[in-house]
Amino acid sequence: MKYVLGALLGAATLLGSAPSIAQTTLTIATVNNSDMIRMQGLTSEFTAKYPDITVKWVTLEENVLRQRVTTDIATKGGQFDVLTIGTYEVPIWAKKNWLVPLDNLGSDYDTADLLPKIRDAVSVSGKLYAAPFYGESSMVMYRTDLFQKAGLTMPEKPTWDFVIDAAKKLTDKTDGVYGICLRGKAGWGENMAFLTAMSNSFGARWFDEKWQPQFDKPEWKKTLTTYVDLMKVAGPPGASSNGFNENLRCSIPANARCGSTPRWRRPLSPIRRPPTWPTRSALRWRRMRARQERQLVVAWNLAIPAGSKKVEAAEKFIAWATNKDYTSSWLRRKAGPTCPPAPGRHFIRIPNI
């Protein structure tokens, strides 16, 4: 018996002396849109590759996210190790030395594959300070079934005059159908990015060459009058509370009652729709006529705040989430009903996409 006991104690000693893996916990602040929620669902793919890293997600509504991460990075609060930020913030924060340059994403990270316009937007002096998870630009998305019912045909390159007229003709409030969904929720990433692009289409601008505000000019009056009147006449109720997610729900699902919506699009994956939705085959999009559209290229990006003490682990996560590895994980796990978001040109070379 004492030999057995001795053997057991010896085994226990060996097990007790085995080295344990030191765990690093990354705290990631992100926005509550569908793509980021799906990324969280794929976290196990990342932790399987890096078992010494665990991930804690802090998922916030867009306006709250922007406030929280701005406050944290400006005060060097250190609450987050990875931030989800827009293209607007990247060059400003990089020049303030608030962001860690992404110089060590690994030898297999293909920076040249990133879409050039977006890569340039998140770089300063040729150095990458954030990695794009996906990029967006503007479009008009519309329902062909509602257009056909109203006797309308969408031009190949519509003008704002056409969009306004069509929205009014599509509207049937007694039947709960609204001609257009516009972002009315206040916030830079909600209504102001769109409204800025819209104002440029009407010939307006924020400042002149001497940095004098231009908001009292006729072009701004026309922009704001058109924007507000259109939401009142052809938009759904509660427009002032409608942002990205709310307009998506108004425009796409089976019970959607919105005929058109000017919104941002992601390359090749603007709409995620189960095949059972009746509106699936009716969804189309158009770019507006060149002189009627001033496109604002934007992106959601992952960046590392200068206050993080876990830079190496954060770099590994960003390299995984914004490179070809993530696309492969998405396709293998079939994380979405259509195709994954992707910031790189490799995406269009994948078979069956």
# chains A, B, ... in the order shown; residues from 1 in each chain; ligands from 1
call {"tool": "select_by_dssp", "arguments": {"residues": "range 47-180 of chain A", "states": "strand (DSSP E)", "output": "ChimeraX atom specification"}}
result
/A:53-60,82-86,123-124,127-128,131-143
call {"tool": "residues_around", "arguments": {"residues": "range 209-216 of chain A", "least_positions_apart": "5", "cutoff": "12 Å", "atoms": "only C-alpha atoms", "output": "VMD selection string"}}
result
chain A and resid 196 199 to 200 203 to 204 221 to 224
call {"tool": "write_last_selection", "arguments": {"atoms": "all heavy atoms", "output": "mmCIF file, in the first residue's frame"}}
result
data_model
loop_
_atom_site.group_PDB
_atom_site.id
_atom_site.type_symbol
_atom_site.label_atom_id
_atom_site.label_comp_id
_atom_site.auth_asym_id
_atom_site.auth_seq_id
_atom_site.Cartn_x
_atom_site.Cartn_y
_atom_site.Cartn_z
ATOM 1 N N THR A 196 -23.661 65.186 -43.778
ATOM 2 C CA THR A 196 -22.531 65.908 -44.359
ATOM 3 C C THR A 196 -22.379 65.573 -45.839
ATOM 4 O O THR A 196 -22.209 66.468 -46.679
ATOM 5 C CB THR A 196 -21.234 65.567 -43.609
ATOM 6 O OG1 THR A 196 -21.348 66.013 -42.261
ATOM 7 C CG2 THR A 196 -20.029 66.245 -44.251
ATOM 8 N N SER A 199 -25.197 67.179 -47.701
ATOM 9 C CA SER A 199 -25.014 68.626 -47.846
ATOM 10 C C SER A 199 -24.019 68.953 -48.956
ATOM 11 O O SER A 199 -24.199 69.913 -49.707
ATOM 12 C CB SER A 199 -24.557 69.240 -46.518
ATOM 13 O OG SER A 199 -23.217 68.879 -46.219
ATOM 14 N N ASN A 200 -22.959 68.138 -49.068
ATOM 15 C CA ASN A 200 -21.995 68.341 -50.153
ATOM 16 C C ASN A 200 -22.661 68.177 -51.513
ATOM 17 O O ASN A 200 -22.325 68.876 -52.476
ATOM 18 C CB ASN A 200 -20.834 67.362 -50.028
ATOM 19 C CG ASN A 200 -19.958 67.612 -48.815
ATOM 20 O OD1 ASN A 200 -19.249 66.723 -48.378
ATOM 21 N ND2 ASN A 200 -20.005 68.816 -48.254
ATOM 22 N N GLY A 203 -24.167 71.257 -52.553
ATOM 23 C CA GLY A 203 -23.228 72.371 -52.694
ATOM 24 C C GLY A 203 -22.833 73.039 -51.399
ATOM 25 O O GLY A 203 -22.189 74.098 -51.405
ATOM 26 N N ALA A 204 -23.184 72.436 -50.261
ATOM 27 C CA ALA A 204 -22.864 73.044 -48.964
ATOM 28 C C ALA A 204 -21.532 72.524 -48.434
ATOM 29 O O ALA A 204 -21.014 71.504 -48.893
ATOM 30 C CB ALA A 204 -23.981 72.744 -47.963
ATOM 31 N N LYS A 221 -29.365 75.574 -45.885
ATOM 32 C CA LYS A 221 -30.811 75.687 -45.639
ATOM 33 C C LYS A 221 -31.575 74.693 -46.508
ATOM 34 O O LYS A 221 -32.504 74.020 -46.042
ATOM 35 C CB LYS A 221 -31.286 77.110 -45.926
ATOM 36 C CG LYS A 221 -32.772 77.313 -45.637
ATOM 37 C CD LYS A 221 -33.203 78.746 -45.851
ATOM 38 C CE LYS A 221 -34.692 78.919 -45.534
ATOM 39 N NZ LYS A 221 -35.135 80.326 -45.737
ATOM 40 N N LYS A 222 -31.174 74.584 -47.782
ATOM 41 C CA LYS A 222 -31.834 73.640 -48.677
ATOM 42 C C LYS A 222 -31.610 72.206 -48.218
ATOM 43 O O LYS A 222 -32.534 71.374 -48.234
ATOM 44 C CB LYS A 222 -31.313 73.815 -50.106
ATOM 45 C CG LYS A 222 -32.017 72.925 -51.124
ATOM 46 C CD LYS A 222 -31.486 73.150 -52.532
ATOM 47 C CE LYS A 222 -32.204 72.243 -53.534
ATOM 48 N NZ LYS A 222 -31.664 72.399 -54.914
ATOM 49 N N THR A 223 -30.385 71.893 -47.793
ATOM 50 C CA THR A 223 -30.078 70.536 -47.313
ATOM 51 C C THR A 223 -30.941 70.165 -46.116
ATOM 52 O O THR A 223 -31.599 69.116 -46.094
ATOM 53 C CB THR A 223 -28.596 70.427 -46.910
ATOM 54 O OG1 THR A 223 -27.769 70.732 -48.022
ATOM 55 C CG2 THR A 223 -28.268 69.021 -46.406
ATOM 56 N N LEU A 224 -30.953 71.026 -45.099
ATOM 57 C CA LEU A 224 -31.659 70.716 -43.860
ATOM 58 C C LEU A 224 -33.173 70.706 -44.061
ATOM 59 O O LEU A 224 -33.872 69.862 -43.486
ATOM 60 C CB LEU A 224 -31.263 71.724 -42.776
ATOM 61 C CG LEU A 224 -29.787 71.670 -42.361
ATOM 62 C CD1 LEU A 224 -29.452 72.822 -41.423
ATOM 63 C CD2 LEU A 224 -29.452 70.337 -41.712
#
call {"tool": "residues_around", "arguments": {"residues": "Leu60 in chain A", "least_positions_apart": "2", "cutoff": "7 Å", "atoms": "only C-alpha atoms", "output": "JSON, numbers by chain"}}
result
{"A": [30, 31, 32, 58, 62, 64, 65]}
call {"tool": "residues_around", "arguments": {"residues": "range 78-89 of chain A", "least_positions_apart": "5", "cutoff": "10 Å", "atoms": "only C-alpha atoms", "output": "ChimeraX atom specification"}}
result
/A:25-31,36,56-59,62,65-66,68-70,72-73,94,99,118-123,130-133,135,188-189,193,297-311,313-315,317-318
call {"tool": "select_by_dssp", "arguments": {"residues": "range 64-229 of chain A", "states": "helix (DSSP H, G or I)", "output": "JSON, numbers by chain"}}
result
{"A": [64, 65, 66, 67, 68, 69, 70, 71, 72, 73, 74, 89, 90, 91, 92, 93, 94, 95, 111, 112, 113, 116, 117, 118, 119, 120, 121, 144, 145, 146, 147, 148, 149, 160, 161, 162, 163, 164, 165, 166, 167, 168, 169, 170, 173, 174, 175, 188, 189, 190, 191, 192, 193, 194, 195, 196, 197, 198, 199, 200, 201, 218, 219, 220, 221, 222, 223, 224, 225, 226, 227, 228, 229]}
call {"tool": "atom_distance", "arguments": {"atom1": "CA of Arg286 in chain A", "atom2": "CA of Tyr134 in chain A"}}
result
19.7 Å
call {"tool": "atom_distance", "arguments": {"atom1": "CA of Met192 in chain A", "atom2": "CA of Gln40 in chain A"}}
result
27.9 Å
call {"tool": "closest_residue", "arguments": {"among": "A:Trp220, A:Lys232, A:Met154, A:Ala239", "to": "Trp206 in chain A", "atoms": "only C-alpha atoms"}}
result
A:Trp220
call {"tool": "atom_distance", "arguments": {"atom1": "CA of Thr54 in chain A", "atom2": "CA of Trp320 in chain A"}}
result
13.9 Å
call {"tool": "closest_residue", "arguments": {"among": "A:Asp175, A:Ile92, A:Ala197, A:Glu61", "to": "Ile37 in chain A", "atoms": "only C-alpha atoms"}}
result
A:Glu61
call {"tool": "closest_residue", "arguments": {"among": "A:Gln67, A:Gln23, A:Thr43, A:Thr226", "to": "Leu182 in chain A", "atoms": "only C-alpha atoms"}}
result
A:Thr226
call {"tool": "residues_around", "arguments": {"residues": "Pro101 in chain A", "least_positions_apart": "4", "cutoff": "7 Å", "atoms": "only C-alpha atoms", "output": "JSON, numbers by chain"}}
result
{"A": [127, 128, 129]}
call {"tool": "residues_around", "arguments": {"residues": "Arg183 in chain A", "least_positions_apart": "5", "cutoff": "6 Å", "atoms": "only C-alpha atoms", "output": "list in words"}}
result
Asn191, Asn242 and Gly243 of chain A
call {"tool": "closest_residue", "arguments": {"among": "A:Glu190, A:Asp103, A:Asp35, A:Asp165", "to": "Ser241 in chain A", "atoms": "only C-alpha atoms"}}
result
A:Glu190
